[in-house]
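All remarks here apply to the structure that follows.
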There are 2 protein chains.
Amino acid sequence: MNYVATFARFAEHLNNLCADLDKAVAYAAEKKFDPAVLLNARLAPDQFNLMRQIQVACDNAKNGAGRLADRTVPAHADNEATVAELQTRLKAVVELLGSFDEAAFAGADERVIALPYWGGRYMTGADYLAHYLVPNFYFHVTTAYSILRHNGVSLGKLDYLGRLPLRLPATQG
Amino acid sequence: MNYVATFARFAEHLNNLCADLDKAVAYAAEKKFDPAVLLNARLAPDQFNLMRQIQVACDNAKNGAGRLADRTVPAHADNEATVAELQTRLKAVVELLGSFDEAAFAGADERVIALPYWGGRYMTGADYLAHYLVPNFYFHVTTAYSILRHNGVSLGKLDYLGRLPLRLPATQG
């Protein structure tokens, strides 16, 4: 598993969320409602709201990179109140992710990762990435996107996927 | 990127969806409604319903493995009408995924993957997996889960994540 490439994907998805939030703000302006309504929206009463889904996606990426590289990462106080503040956090995490290079993840496959709610048990870094971090990150990013779609923001699949690295076939002759 | 490990994760998530559908059927029985109502539920009027989200998750996994291994995979007619039929499809894809070993993916990183709606452009196998297949697969699995949550089925995060490979620390002494 290539850690740098994985966190580069995460950074892209956080950037995509940032752009989706711009569309959400435009939609709120058009419909004349406070965008904070969307930040408080959720798909089920016992699921996180949009604000928390995005905060958690940020923390998945930030803390995941920090744990796998055994490096302390800056804390965020979860005190964002506006879309703009949430976008500032998204951009801060994107920038942080760019500071981890291949060398930072040396030994990450075998690193012991023990989360406080795992009751003293642990996963290897490789298992943590594949079984926990990747599915969790995409869960929160997808749910954030779906909360916006559910509330009428005009988003399509490419807003989720972002720009794809498509290549032109080599010309013959 | 380890292809066999990635598809093993996909198989686990398809199995988790199978179990989530059992809970959906039990919920429908308790509330005395036809579980097909859930198969037709969706989070936005222009998004796929639950049935289609799960069919697409199956196809992401099945066709993804087939493309990366350059192997023809069996077609599914998208004619499921019941939860039981959808579970049969999920199990068929899980079984199929188990038939791809490390050797099947030899050369997959550099393989040319060209989907019909990419206008003649292509991605390398490695890019296809990281930029397209993984985020897409988790998108559809998460959305299926969220449609059930949104409609009151009692599911928690572990129903999404499945069984984690947690290990006990070595005892000292």
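Simple scheme: letters A, B, ... for chains in structure tokens order, numbers from 1 for residues in each chain, numbers from 1 for ligands in the order shown.
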**OP:** List every residue of range 4-165 of chain B that DSSP, applied to the backbone of this structure, assigns to helix (DSSP H, G or I), and report them as a ChimeraX atom specification.
**Re:** /B:4-31,36-39,50-69,83-97,102-105,108-110,116-118,125-150,157-161
Quick one: write out the picked residues with C-alpha atoms as a tab-separated table (two decimals), in the first residue's frame?
```tsv
chain	number	residue	atom	x	y	z
B	4	VAL	CA	-5.68	-8.99	-3.66
B	5	ALA	CA	-5.95	-7.19	-0.31
B	6	THR	CA	-8.11	-4.43	-1.82
B	7	PHE	CA	-10.58	-6.90	-3.30
B	8	ALA	CA	-10.62	-8.86	-0.05
B	9	ARG	CA	-11.77	-5.62	1.65
B	10	PHE	CA	-14.40	-5.15	-1.06
B	11	ALA	CA	-15.65	-8.70	-0.46
B	12	GLU	CA	-15.96	-8.00	3.26
B	13	HIS	CA	-17.98	-4.86	2.59
B	14	LEU	CA	-20.30	-6.76	0.23
B	15	ASN	CA	-20.79	-9.35	2.98
B	16	ASN	CA	-21.52	-6.52	5.42
B	17	LEU	CA	-24.19	-5.19	3.04
B	18	CYS	CA	-25.70	-8.67	2.91
B	19	ALA	CA	-25.98	-8.65	6.72
B	20	ASP	CA	-27.36	-5.07	6.69
B	21	LEU	CA	-30.08	-6.28	4.32
B	22	ASP	CA	-31.01	-9.02	6.81
B	23	LYS	CA	-31.51	-6.28	9.41
B	24	ALA	CA	-33.56	-4.29	6.89
B	25	VAL	CA	-35.85	-7.28	6.29
B	26	ALA	CA	-36.28	-7.80	10.03
B	27	TYR	CA	-37.10	-4.09	10.46
B	28	ALA	CA	-39.69	-4.24	7.66
B	29	ALA	CA	-41.30	-7.30	9.27
B	30	GLU	CA	-41.41	-5.57	12.67
B	31	LYS	CA	-42.94	-2.42	11.17
B	36	ALA	CA	-39.13	-3.66	-1.43
B	37	VAL	CA	-40.02	-0.15	-0.23
B	38	LEU	CA	-36.44	0.11	1.06
B	39	LEU	CA	-35.01	-1.18	-2.24
B	50	LEU	CA	-30.85	1.25	-2.75
B	51	MET	CA	-31.23	-1.59	-5.26
B	52	ARG	CA	-29.14	0.22	-7.85
B	53	GLN	CA	-26.53	1.41	-5.30
B	54	ILE	CA	-25.91	-2.23	-4.35
B	55	GLN	CA	-25.94	-3.46	-7.96
B	56	VAL	CA	-23.35	-0.81	-8.80
B	57	ALA	CA	-21.20	-1.67	-5.78
B	58	CYS	CA	-21.28	-5.31	-7.00
B	59	ASP	CA	-20.30	-4.23	-10.51
B	60	ASN	CA	-17.54	-1.91	-9.27
B	61	ALA	CA	-15.97	-4.87	-7.49
B	62	LYS	CA	-16.62	-7.51	-10.17
B	63	ASN	CA	-15.71	-5.43	-13.23
B	64	GLY	CA	-12.84	-3.74	-11.42
B	65	ALA	CA	-11.20	-7.08	-10.68
B	66	GLY	CA	-11.95	-8.29	-14.22
B	67	ARG	CA	-10.43	-5.21	-15.85
B	68	LEU	CA	-7.32	-5.18	-13.67
B	69	ALA	CA	-6.73	-8.91	-14.25
B	83	VAL	CA	-33.78	-8.52	-1.15
B	84	ALA	CA	-33.09	-12.25	-1.39
B	85	GLU	CA	-32.16	-11.95	-5.07
B	86	LEU	CA	-29.89	-9.01	-4.29
B	87	GLN	CA	-28.20	-11.03	-1.55
B	88	THR	CA	-27.66	-13.87	-4.03
B	89	ARG	CA	-25.87	-11.44	-6.33
B	90	LEU	CA	-23.76	-10.06	-3.47
B	91	LYS	CA	-22.70	-13.59	-2.53
B	92	ALA	CA	-21.88	-14.48	-6.15
B	93	VAL	CA	-19.59	-11.45	-6.42
B	94	VAL	CA	-17.92	-12.24	-3.09
B	95	GLU	CA	-17.21	-15.76	-4.33
B	96	LEU	CA	-15.89	-14.47	-7.65
B	97	LEU	CA	-13.54	-12.00	-5.93
B	102	GLU	CA	-1.75	-12.27	-6.74
B	103	ALA	CA	-0.72	-13.85	-10.06
B	104	ALA	CA	-4.00	-12.75	-11.68
B	105	PHE	CA	-2.99	-9.11	-11.17
B	108	ALA	CA	-2.12	-4.60	-13.45
B	109	ASP	CA	-0.31	-1.39	-12.39
B	110	GLU	CA	0.52	-0.58	-16.04
B	116	PRO	CA	-16.69	3.55	-22.59
B	117	TYR	CA	-17.62	6.98	-21.14
B	118	TRP	CA	-14.04	8.30	-20.96
B	125	GLY	CA	-4.44	0.21	-13.69
B	126	ALA	CA	-2.77	1.78	-10.65
B	127	ASP	CA	-4.51	5.13	-11.24
B	128	TYR	CA	-7.84	3.42	-11.98
B	129	LEU	CA	-7.70	1.59	-8.65
B	130	ALA	CA	-6.70	4.59	-6.52
B	131	HIS	CA	-8.56	7.44	-8.23
B	132	TYR	CA	-11.68	5.68	-9.44
B	133	LEU	CA	-12.41	2.19	-8.20
B	134	VAL	CA	-11.72	2.56	-4.47
B	135	PRO	CA	-13.55	5.91	-3.97
B	136	ASN	CA	-16.44	4.73	-6.17
B	137	PHE	CA	-16.86	1.41	-4.42
B	138	TYR	CA	-16.94	2.97	-0.95
B	139	PHE	CA	-19.28	5.67	-2.26
B	140	HIS	CA	-21.92	3.13	-3.27
B	141	VAL	CA	-21.49	0.96	-0.17
B	142	THR	CA	-21.77	4.01	2.11
B	143	THR	CA	-24.79	5.36	0.26
B	144	ALA	CA	-26.55	1.99	0.50
B	145	TYR	CA	-25.86	1.95	4.24
B	146	SER	CA	-27.05	5.57	4.59
B	147	ILE	CA	-30.31	4.87	2.74
B	148	LEU	CA	-31.04	2.17	5.31
B	149	ARG	CA	-30.06	4.42	8.24
B	150	HIS	CA	-32.13	7.26	6.79
B	157	LYS	CA	-20.64	2.07	12.26
B	158	LEU	CA	-19.46	-1.49	12.86
B	159	ASP	CA	-22.16	-2.76	10.48
B	160	TYR	CA	-20.37	-0.68	7.87
B	161	LEU	CA	-16.78	-1.46	8.86
```
**OP:** Find the residues of chain A in contact range of chain B, meaning any atom within 6 Å when counting only C-alpha atoms, and list them as a PyMOL selection string.
**Re:** chain A and resi 1-2+43-44+121-123+139+142+150+166-168
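Interatomic distance, CA of Arg71 in chain A against CA of Asp101 in chain A: 12.2 Å.
CA of Leu115 in chain B is positioned 14.8 Å from CA of Thr72 in chain B.
Put simply, CA of Pro35 in chain B is 10.7 Å away from CA of Ala81 in chain B.
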